[in-house]
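Each remark here refers to the structure printed beneath this line.
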Protein chains: 2
Amino acid sequence: MAPPPSVAAPAVPRSGALAPLGVDQVHITGGFWGDRQRVNRDATLPHIESRLEREGWLGNFDLAARGGPMSARRGREFADSEIYKWLEAVAWQLGVEADAALEHRFRAVVGRVAAAQEPDGYLSTAFGRPGQPPRWSDLEWGHELYCLGHLFQAAVARERTRPGADDGLLGIARRAADRVCETFGPDGIEGVCGHPEIEVALAELGRLLDEPRYTAQAALFVQRRGRGLLHGIEFGAVYFQDDVPVRDAEVLRGHAVRANYLAAGAVDVAVDSGDAALLAVLRRQWAATVARRTYLTGGQGSHHQDEAFGADWELPPDRAYSETCAGIGSIMFSWRLLLATGDPRYADLIERTLFNVVATSPSADGRAFYYANTLHQRDPGAPADPDEPSGRASSSLRAPWFEVSCCPPNVARTLASLAGYVATSTAGGVQVHQYADARIAVQLAGGPVRLAMTTAYPADGEVVVRVVEAPAQPWTLTLRVPAWADGATVEVDGPDGTESTAARPGVVELQRTFAAGTEVRLQLPMRPRITRPDPRIDAVRGSVAIERGPEVLCLESVDVPIDGFDGRLDAVAIEPAGVREEGGRVLVPLLLEKDPDTPWPYAEAPRRVQADRADVPLIPYHSWAERGPSTMRVWLPAQD
Amino acid sequence: MAPPPSVAAPAVPRSGALAPLGVDQVHITGGFWGDRQRVNRDATLPHIESRLEREGWLGNFDLAARGGPMSARRGREFADSEIYKWLEAVAWQLGVEADAALEHRFRAVVGRVAAAQEPDGYLSTAFGRPGQPPRWSDLEWGHELYCLGHLFQAAVARERTRPGADDGLLGIARRAADRVCETFGPDGIEGVCGHPEIEVALAELGRLLDEPRYTAQAALFVQRRGRGLLHGIEFGAVYFQDDVPVRDAEVLRGHAVRANYLAAGAVDVAVDSGDAALLAVLRRQWAATVARRTYLTGGQGSHHQDEAFGADWELPPDRAYSETCAGIGSIMFSWRLLLATGDPRYADLIERTLFNVVATSPSADGRAFYYANTLHQRDPGAPADPDEPSGRASSSLRAPWFEVSCCPPNVARTLASLAGYVATSTAGGVQVHQYADARIAVQLAGGPVRLAMTTAYPADGEVVVRVVEAPAQPWTLTLRVPAWADGATVEVDGPDGTESTAARPGVVELQRTFAAGTEVRLQLPMRPRITRPDPRIDAVRGSVAIERGPEVLCLESVDVPIDGFDGRLDAVAIEPAGVREEGGRVLVPLLLEKDPDTPWPYAEAPRRVQADRADVPLIPYHSWAERGPSTMRVWLPAQD
């Protein structure tokens with residue numbers, strides 16, 4: 001069966017309020033995200049490839065193809081998945097722009113993966129060969145289905161961006177997916193994978209190939225979860241989201257990546273099966289999670305120990321785990337809800353998470369990453385060993401690679417496919433969700449529309465959408481107005497001059513017959529905002545954070561101009577009334593206490609404070625730790 | 001060589017400012033600690049014994065004695081140590097009062113341990129037999145030396161309380177200690193144990209037996225540490241305190257139990273070798289740890305992930321790990337510094353930790369325990385499975401046993417030996433450090449002194465010390481005045497009536513010729529104290545805690561008398577000005593917000609608060625969670 005026509009986008013639901021646009025329909029041409037896509041292409045993709053090779057994780061496939069000895073296998077049980085995520089990232093990148101050398105490297109890796117697949121379709125370098133545990137013998141921790149899920153997502157990305165490519169990746173995925181369905185189908189093992197991912201992947205593969213068996217298997221995995229099929233973990237079944245069936249749960253909980261991946265897959269299942277009740281449950285879970293379990297950055301997961309959500313309001317900034325992959329999972333979940341419902345709140349959270357989690361993880365040079373994204377670095381820590389994989393969290397400095405290195409390729413695939421998250425369409429219009437320098441081309445019912453978006457966002461709040469081509473009949477251009485953007489305005493050039501209207505947070509819908517050349521100018525207010533936390537978030541009581549546009553700002557120790565400052569940001573306070581923008585920088589009046597030594601830090605009489613004062617610039621959180629070891633804080637004690 | 005005369009106390013340094021008194025010299029006769037000692041004897045000791053049997057950890061010794069098969073061995077690699085800690089606890093208990101049935105059980109267990117010892121003195125059920133890893137092959141995680149350390153402490157406790165007992169325990173310990181010295185001596189393996197404990201144990205065994213080889217080996221283990229001999233841990237060498245040599249470190253860090261045990265052993269080494277520089281370093285480490293890394297309860301360790309100290313000021317109440325064993329380790333460290341220096345600050349921290357960590361761990365019935373001692377329970381959680389070992393932290397309800405069950409027998413040995421921490425002596429006086437109903441009998445240079453101490457402390461602040469017998473010449477009675485006890489007074493009956501003086505925090509020294517029958521009455525002020533945190537402890541900014549005497553109080557959800565209260569203590573505040581004592585209860589005016597739902601918990605405008613009001617009683621933190629699942633908080637947001 002030839003695959004049906006598809007869209008070159010990460011998620012292509014069978015129905016929904018909004019239709020995704022592919023990376024061939026939306027091109028990011030420059031600016032904040034264009035720069036990051038370039039670094040991703042030029043630095044991150046080769047960096048990851050070289051690490052996969054050097055750590056032997058790619059070599060595991062050669063080893064498996066040779067039949068062993070598998071005792072020489074390297075890396076953790078889920079190392080295969082990093083190769084698949086790299087393949088997915090490269091597939092998107094090749095969809096954005098052809099590149100013969102990259103295409104060659106892509107095919108070479110696919111070939112090595114292909115050689116390791118077993119005749120019945122099974123594929124894992126960690127299980128099933130002599131000297132290894134049997135297949136499916138450790139569903140809790142083995143990650144076999146998780147790895148295959150990432151394989152499927154790579155194949156989906158490839159087929160959607162290069163339909164009919166003769167590299168063999170889709171065939172590998174189909175054979176493996178058939179094996180999964182046979183093994184875990186209604187008459188097979190009643191099991192689920194300890195780490196969700198297969199759900200979202202099978203759903204997408206089912207959509208791509210219009211294969212109801214894959215769609216049904218995705219639904220079956222979602223349905224089975226929460227029924228105690230996974231065992232033996234000190235943290236409890238909640239870690240695996242195996243504590244409560246998906247449709248009975250009230251909030252995301254347990255391991256934050258697992259929770260978001262599962263939720264994303266469950267939206268796919270709900271949408272494809274027309275299960276409005278399940279969709280409503282997932283929307284409520286999203287809302288509860290965002291209201292009570294999400295950091296200001298959009299980051300999720302406050303426990304280091306089990307990489308998990310904490311209880312409601314348990315959001316310590318200094319022990320924020322806020323794993324990069326959890327942020328990406330949250331974007332996957334939100335994006336699917338946005339497509340299903342059209343509700344701009346989902347795009348709001350995506351924007352927040354993109355700017356403050358996804359953009360924070362990689363270094364400016366694209367060759368080092370945060371795994372955890374703390375909101376308060378107390379100790380500068382030491383630079384990561386460039387030659388050894390790092391642990392997951394400690395230093396203020398990003399690490400080139402990790403023992404568990406899920407985050408770098410996850411960032412890479414997200415950045416490479418980012419154009420797919422910028423805009424959507426309906427029969428009667430185009431909806432712009434994220435602001436970037438971009439070209440958008442889409443076929444509406446009335447005819448083709450081409451748009452050119454220009455902006456210095458988020459440095460500046462003006463976004464200009466120029467209509468390059470449009471049908472000679474009315475259609476609707478919808479622009480998202482972020483929830484924080486109170487006071488936004490939109491101006492549209494028209495035959496009678498410029499028409500200006502207020503644009504309240506939510507969306508602004510411009511329905512008309514646009515002449516080619518018409519410019520729509522959205523003005524988002526970029527004054528620094530002083531943000532206060534819900535009093536139930538104990539860990540930041542009495543503190544404020546400064547935001548500007550979609551960016552959360554932070555205070556980094558290297559910016560403190562006080563003589564004798566020892567680099568510690570423990571004893572500080574700011575005067576919120578004095579926060580201002582000056583010369584393109586946000587300045588805060590900082591009080592830096594002279595560090596008093598007290599033998600016991602609890603007393604009836606509050607400690608007296610003697611403080612130095614200085615105006616100190618804040619920087620976007622995503623750009624911190626580019627100037628050597630430092631300390632940093634997002635939440636600043638306020639002296640009102 | 002016959003052991004020299006010794007004192008029946010847990011630590012008997014070769015020199016020091018103060019000399020310990022044994023559990024045969026100080027008897028706790030009732031009151032707060034007497035009650036707990038009784039529960040420990042009647043409930044906890046049998047409970048632990050039955051769990052050790054039921055979980056097969058005791059059976060491991062029988063298995064080893066039979067020669068295997070060791071694949072049937074149960075429990076973690078350090079399970080042996082729990083048997084040894086139980087033996088130590090029972091040894092102290094038998095030192096406090098003879099009990100033929102308990103003596104019989106003690107000897108039966110010693111016999112089973114003896115049967116598992118190998119001819120060359122090596123003893124471990126986890127290593128060295130067919131099918132097991134070789135001896136000393138995993139110094140990082142194997143805990144072989146750690147387990148032997150607890151064996152030595154049991155043997156020391158036994159020999160000090162029943163010198164020359166023919167149960168064989170001391171012989172087992174000597175043979176094992178000789179094996180350790182041969183293996184790890186100056187010409188042996190240059191290694192240390194991943195978990196300190198052998199240091200403090202060898203030091204004490206060396207003191208008991210006057211065996212310089214053991215003393216030297218303890219010093220060698222302390223000396224070797226911090227030189228990178230331990231490898232392969234994601235958390236870094238700091239976890240094992242192997243990052244910096246003991247004498248170069250500035251503060252306790254890494255795993256909190258390991259850090260304290262090591263520090264205690266290092267004090268022993270410093271004292272026995274007359275190393276004043278090392279002692280000074282350890283005093284500074286203690287001071288820095290207490291000033292910046294200790295919870296109000298005395299608890300230490302703010303990380304769940306690695307059971308470790310956090311950075312300075314990283315003291316989240318809701319994620320407080322504050323492991324029971326770390327509290328006990330802290331008491332070991334403080335007690336040794338107190339004996340060495342006589343500085344009452346060490347006794348202050350011991351008191352705080354005893355009342356708020358050690359007393360908190362066991363349930364009132366002595367058959368369930370906290371492993372971690374959180375200061376803020378957000379979710380009530382579910383009761384522990386009575387039949388399965390629990391994880392280390394989650395529910396508000398104590399668990400009867402743990403997969404890692406170090407804490408219950410550690411509490412048991414501490415409570416059984418508690419009389420040893422009440423008082424000390426010098427040639428010219430008696431120093432009372434902890435207040436309890438107790439009898440004290442000690443031989444001073446001038447003759448015997450007998451004291452009877454009577455108090456309802458901490459319910460009441462009056463402590464009466466009656467001189468039962470005293471020499472007809474001057475000696476000094478020293479009473480500790482806790483740092484919190486501003487306004488304390490002391491009255492002494494004398495021939496001319498009662499003499500009253502202020503007793504400033506620190507110590508009050510009463511030097512005179514006491515007539516038998518003289519009563520000394522210490523009055524400690526027990527008004528509730530409103531305690532505020534150092535502003536550098538971000539996690540509790542804007543909150544207060546209420547203390548009364550040595551007890552930290554807490555608010556438990558079951559005490560909130562507001563209609564419709566859902567059991568959550570998230571949205572609360574108190575009015576500190578209204579805190580008062582009434583009818584023996586401390587009442588706080590509580591504002592309980594009606595739980596508002598906001599879609600996003602960060603905003604420019606502070607959220608309006610609508611609140612119910614009620615006067616709510618606080619309870620001592622150590623007594624919480626005895627009334628079913630609940631939520632709790634020590635730190636209460638203050639509305640000043």
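By order in the structure tokens, chains are A, B, ...; within a chain, residues start at 1; ligands start at 1, following the order shown.
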
For this session: May I ask you to extract the residues of chain A within 8 Å of chain B, using only C-alpha atoms, and to give them as a PyMOL selection string?
Result: chain A and resi 234-235+287-288+290-292+296+304-306+311-314+316+318+378-379+390-391+529-536+538-542+570-571+597-607

Problem set entry | Which of range 330-373 of chain B DSSP labels alpha helix (DSSP H), written as a PyMOL selection string | chain B and resi 330-341+344-353

Got time to write the residues from that selection, N, CA and C atoms, as an mmCIF file, in the first residue's frame?
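Written file, result01.cif:
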```cif
data_model
loop_
_atom_site.group_PDB
_atom_site.id
_atom_site.type_symbol
_atom_site.label_atom_id
_atom_site.label_comp_id
_atom_site.auth_asym_id
_atom_site.auth_seq_id
_atom_site.Cartn_x
_atom_site.Cartn_y
_atom_site.Cartn_z
ATOM 1 N N SER B 330 24.813 12.732 63.567
ATOM 2 C CA SER B 330 25.109 14.077 64.054
ATOM 3 C C SER B 330 25.283 14.078 65.576
ATOM 4 N N ILE B 331 24.463 13.285 66.263
ATOM 5 C CA ILE B 331 24.611 13.178 67.722
ATOM 6 C C ILE B 331 25.951 12.542 68.078
ATOM 7 N N MET B 332 26.334 11.521 67.310
ATOM 8 C CA MET B 332 27.644 10.878 67.553
ATOM 9 C C MET B 332 28.779 11.903 67.408
ATOM 10 N N PHE B 333 28.689 12.694 66.362
ATOM 11 C CA PHE B 333 29.714 13.713 66.088
ATOM 12 C C PHE B 333 29.716 14.761 67.205
ATOM 13 N N SER B 334 28.541 15.290 67.514
ATOM 14 C CA SER B 334 28.436 16.340 68.528
ATOM 15 C C SER B 334 28.891 15.837 69.899
ATOM 16 N N TRP B 335 28.493 14.628 70.235
ATOM 17 C CA TRP B 335 28.822 14.075 71.552
ATOM 18 C C TRP B 335 30.331 13.969 71.737
ATOM 19 N N ARG B 336 31.004 13.539 70.706
ATOM 20 C CA ARG B 336 32.466 13.418 70.785
ATOM 21 C C ARG B 336 33.122 14.791 70.926
ATOM 22 N N LEU B 337 32.568 15.786 70.221
ATOM 23 C CA LEU B 337 33.119 17.140 70.376
ATOM 24 C C LEU B 337 32.821 17.693 71.765
ATOM 25 N N LEU B 338 31.664 17.358 72.303
ATOM 26 C CA LEU B 338 31.333 17.801 73.659
ATOM 27 C C LEU B 338 32.316 17.208 74.669
ATOM 28 N N LEU B 339 32.560 15.918 74.576
ATOM 29 C CA LEU B 339 33.510 15.284 75.496
ATOM 30 C C LEU B 339 34.902 15.907 75.346
ATOM 31 N N ALA B 340 35.269 16.203 74.105
ATOM 32 C CA ALA B 340 36.616 16.726 73.864
ATOM 33 C C ALA B 340 36.787 18.144 74.390
ATOM 34 N N THR B 341 35.721 18.942 74.283
ATOM 35 C CA THR B 341 35.872 20.381 74.521
ATOM 36 C C THR B 341 35.063 20.914 75.689
ATOM 37 N N PRO B 344 29.085 23.720 75.461
ATOM 38 C CA PRO B 344 27.674 23.305 75.561
ATOM 39 C C PRO B 344 26.904 23.409 74.235
ATOM 40 N N ARG B 345 27.470 24.110 73.245
ATOM 41 C CA ARG B 345 26.765 24.170 71.960
ATOM 42 C C ARG B 345 26.526 22.772 71.385
ATOM 43 N N TYR B 346 27.476 21.881 71.659
ATOM 44 C CA TYR B 346 27.313 20.523 71.122
ATOM 45 C C TYR B 346 26.147 19.812 71.793
ATOM 46 N N ALA B 347 26.006 20.055 73.097
ATOM 47 C CA ALA B 347 24.874 19.439 73.807
ATOM 48 C C ALA B 347 23.551 20.057 73.365
ATOM 49 N N ASP B 348 23.595 21.345 73.020
ATOM 50 C CA ASP B 348 22.387 21.999 72.490
ATOM 51 C C ASP B 348 21.900 21.275 71.231
ATOM 52 N N LEU B 349 22.812 21.022 70.311
ATOM 53 C CA LEU B 349 22.395 20.371 69.070
ATOM 54 C C LEU B 349 21.947 18.936 69.327
ATOM 55 N N ILE B 350 22.604 18.287 70.272
ATOM 56 C CA ILE B 350 22.176 16.927 70.614
ATOM 57 C C ILE B 350 20.737 16.952 71.124
ATOM 58 N N GLU B 351 20.450 17.894 72.022
ATOM 59 C CA GLU B 351 19.089 17.982 72.552
ATOM 60 C C GLU B 351 18.077 18.216 71.433
ATOM 61 N N ARG B 352 18.392 19.164 70.566
ATOM 62 C CA ARG B 352 17.500 19.490 69.459
ATOM 63 C C ARG B 352 17.255 18.258 68.574
ATOM 64 N N THR B 353 18.313 17.542 68.319
ATOM 65 C CA THR B 353 18.216 16.392 67.418
ATOM 66 C C THR B 353 17.506 15.220 68.099
#
```

Problem set entry | Exercise: Ala280 in chain A partners within 10 Å, only C-alpha atoms, chain neighbours under 4 positions left out, as an MDAnalysis selection string | chainID A and resid 247 267 270 275:276 284:286 337

Could you turn the residues from that selection into a file that holds N, CA, C and O atoms, as a compact mmCIF listing (two decimals), in the first residue's frame?
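The resulting file, out-v3.txt, is shown below:
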```
# COMPACT_ATOMS: atom_id res chain seq x y z
N ARG A 247 -7.59 7.59 31.73
CA ARG A 247 -8.84 8.37 31.71
C ARG A 247 -9.40 8.63 33.10
O ARG A 247 -10.39 9.35 33.23
N VAL A 267 -3.59 11.80 23.64
CA VAL A 267 -4.33 12.76 22.80
C VAL A 267 -4.46 12.19 21.39
O VAL A 267 -5.54 12.26 20.78
N ALA A 270 -7.17 9.68 21.48
CA ALA A 270 -8.48 10.31 21.66
C ALA A 270 -8.96 10.94 20.35
O ALA A 270 -10.12 10.79 19.96
N ASP A 275 -12.71 10.11 20.62
CA ASP A 275 -13.09 9.90 22.01
C ASP A 275 -13.06 11.24 22.76
O ASP A 275 -12.09 11.62 23.39
N ALA A 276 -14.20 11.96 22.68
CA ALA A 276 -14.26 13.30 23.25
C ALA A 276 -14.09 13.27 24.77
O ALA A 276 -13.51 14.19 25.36
N ARG A 284 -8.13 18.50 31.06
CA ARG A 284 -8.15 18.81 32.49
C ARG A 284 -6.81 18.47 33.15
O ARG A 284 -6.32 19.21 34.01
N GLN A 285 -6.22 17.37 32.73
CA GLN A 285 -4.90 17.01 33.28
C GLN A 285 -3.87 18.09 32.93
O GLN A 285 -3.05 18.49 33.76
N TRP A 286 -3.93 18.54 31.70
CA TRP A 286 -3.01 19.60 31.28
C TRP A 286 -3.22 20.85 32.14
O TRP A 286 -2.26 21.43 32.66
N LEU A 337 -2.89 19.08 21.79
CA LEU A 337 -4.13 19.68 22.29
C LEU A 337 -4.48 20.93 21.48
O LEU A 337 -5.66 21.22 21.23
```

For this session: Return the single residue from A:Gly428, A:Gly95, A:Gly131, A:Pro20 that is closest to Gly67 in chain A, with distances computed using only C-alpha atoms.
Result: A:Gly131

Problem set entry | Long-range neighbours of Ala256 in chain B as an MDAnalysis selection string, 10 Å cut-off, only C-alpha atoms, 3 positions minimum in chain | chainID B and resid 239:241 252:253 259:262 299:303 306:310 321:323 325:327 329:330

For this session: Find the residue from A:Glu77, A:Glu626, A:Glu581, A:Asp166 that sits nearest to Gly366 in chain A; use only C-alpha atoms when measuring.
Result: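 The closest residue to Gly366 in chain A is A:Glu626.
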
Problem set entry | Shell of 9 Å around Thr454 in chain A, only C-alpha atoms, local chain residues under 4 positions omitted, as a list in words |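 Near Thr454 in chain A, the qualifying residues are Gly30, Gly31, Tyr435, Ala436, Asp437, Ala438, Arg439, Glu462, Val463, Val464, Val465 and Arg466 of chain A.
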
Let me see the file: selected residues, all heavy atoms, as a CSV table (one decimal), in the first residue's frame.
```
chain,number,residue,atom,x,y,z
A,30,GLY,N,15.4,33.1,9.8
A,30,GLY,CA,16.4,33.8,10.6
A,30,GLY,C,15.9,34.2,11.9
A,30,GLY,O,15.0,33.5,12.4
A,31,GLY,N,16.6,35.1,12.6
A,31,GLY,CA,16.1,35.6,13.9
A,31,GLY,C,16.5,34.6,15.0
A,31,GLY,O,17.4,33.7,14.8
A,435,TYR,N,6.1,33.4,16.9
A,435,TYR,CA,6.6,34.5,16.1
A,435,TYR,C,8.1,34.3,15.8
A,435,TYR,O,8.9,34.1,16.7
A,435,TYR,CB,6.2,35.8,16.8
A,435,TYR,CG,4.7,35.9,16.9
A,435,TYR,CD1,4.1,35.9,18.1
A,435,TYR,CD2,4.0,36.0,15.7
A,435,TYR,CE1,2.7,36.0,18.2
A,435,TYR,CE2,2.6,36.0,15.8
A,435,TYR,CZ,2.0,36.0,17.0
A,435,TYR,OH,0.6,36.1,17.1
A,436,ALA,N,8.4,34.4,14.5
A,436,ALA,CA,9.8,34.2,14.1
A,436,ALA,C,9.9,34.7,12.7
A,436,ALA,O,8.8,34.9,12.0
A,436,ALA,CB,10.1,32.7,14.1
A,437,ASP,N,11.1,35.0,12.2
A,437,ASP,CA,11.3,35.3,10.8
A,437,ASP,C,10.9,34.0,10.1
A,437,ASP,O,11.6,33.0,10.2
A,437,ASP,CB,12.7,35.6,10.5
A,437,ASP,CG,13.0,37.1,10.9
A,437,ASP,OD1,12.1,37.8,11.3
A,437,ASP,OD2,14.2,37.4,10.8
A,438,ALA,N,9.9,34.1,9.2
A,438,ALA,CA,9.5,32.8,8.6
A,438,ALA,C,8.6,33.1,7.3
A,438,ALA,O,8.0,34.2,7.2
A,438,ALA,CB,8.6,32.0,9.5
A,439,ARG,N,8.7,32.2,6.4
A,439,ARG,CA,7.8,32.2,5.2
A,439,ARG,C,6.8,31.1,5.4
A,439,ARG,O,7.2,30.0,5.8
A,439,ARG,CB,8.6,32.0,3.9
A,439,ARG,CG,9.6,33.0,3.6
A,439,ARG,CD,10.1,32.8,2.2
A,439,ARG,NE,10.4,31.4,1.9
A,439,ARG,CZ,11.6,30.9,2.0
A,439,ARG,NH1,12.6,31.6,2.4
A,439,ARG,NH2,11.8,29.6,1.7
A,462,GLU,N,7.6,43.9,17.9
A,462,GLU,CA,6.9,44.1,16.7
A,462,GLU,C,7.0,42.8,15.8
A,462,GLU,O,8.1,42.4,15.5
A,462,GLU,CB,7.3,45.3,15.9
A,462,GLU,CG,6.5,45.5,14.6
A,462,GLU,CD,7.0,46.8,13.9
A,462,GLU,OE1,8.0,46.8,13.2
A,462,GLU,OE2,6.3,47.8,14.1
A,463,VAL,N,5.9,42.4,15.3
A,463,VAL,CA,5.8,41.2,14.4
A,463,VAL,C,5.1,41.7,13.1
A,463,VAL,O,4.0,42.2,13.2
A,463,VAL,CB,5.1,40.0,14.9
A,463,VAL,CG1,5.1,38.9,13.9
A,463,VAL,CG2,5.7,39.6,16.3
A,464,VAL,N,5.8,41.7,12.0
A,464,VAL,CA,5.1,42.1,10.7
A,464,VAL,C,4.8,40.9,9.9
A,464,VAL,O,5.7,40.1,9.6
A,464,VAL,CB,6.0,43.1,9.9
A,464,VAL,CG1,5.3,43.5,8.6
A,464,VAL,CG2,6.4,44.3,10.8
A,465,VAL,N,3.6,40.7,9.6
A,465,VAL,CA,3.2,39.6,8.6
A,465,VAL,C,2.8,40.3,7.3
A,465,VAL,O,1.8,41.0,7.3
A,465,VAL,CB,2.0,38.8,9.2
A,465,VAL,CG1,1.7,37.7,8.3
A,465,VAL,CG2,2.4,38.2,10.6
A,466,ARG,N,3.6,40.0,6.3
A,466,ARG,CA,3.2,40.6,5.0
A,466,ARG,C,2.6,39.5,4.2
A,466,ARG,O,3.0,38.4,4.1
A,466,ARG,CB,4.5,41.1,4.3
A,466,ARG,CG,4.2,42.0,3.1
A,466,ARG,CD,5.5,42.8,2.7
A,466,ARG,NE,6.6,41.9,2.4
A,466,ARG,CZ,6.8,41.3,1.2
A,466,ARG,NH1,6.0,41.6,0.2
A,466,ARG,NH2,7.8,40.5,1.0
```

Exercise. Skipping near chain neighbours, those fewer than 5 positions away, what residues fall within 8 Å of Trp136 in chain A using only C-alpha atoms, listed as a list of chain:residue names?
Worked result: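 Surrounding residues, per the criterion: A:Phe127, A:Gly142, A:Glu144.
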
Print the selection's residues with N, CA and C atoms to a file, as a tab-separated table (two decimals), in the first residue's frame.
```tsv
chain	number	residue	atom	x	y	z
A	127	PHE	N	18.74	-6.64	23.92
A	127	PHE	CA	17.99	-7.82	24.36
A	127	PHE	C	18.01	-8.91	23.28
A	142	GLY	N	13.61	-2.06	30.51
A	142	GLY	CA	14.33	-2.43	29.30
A	142	GLY	C	14.24	-1.42	28.16
A	144	GLU	N	12.66	-1.40	25.46
A	144	GLU	CA	12.65	-1.91	24.08
A	144	GLU	C	11.59	-1.19	23.24
```

Problem set entry | Straight-line distance linking CA of Arg227 in chain A with CA of Val192 in chain A, stated in Å to one decimal |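 Interatomic distance, CA of Arg227 in chain A to CA of Val192 in chain A: 10.0 Å.
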
Problem set entry | Spatial neighbours of Leu220 in chain B, 9 Å, only C-alpha atoms, chain gap at least 2 places, as a PyMOL selection string | chain B and resi 184-186+199+215-218+222-225
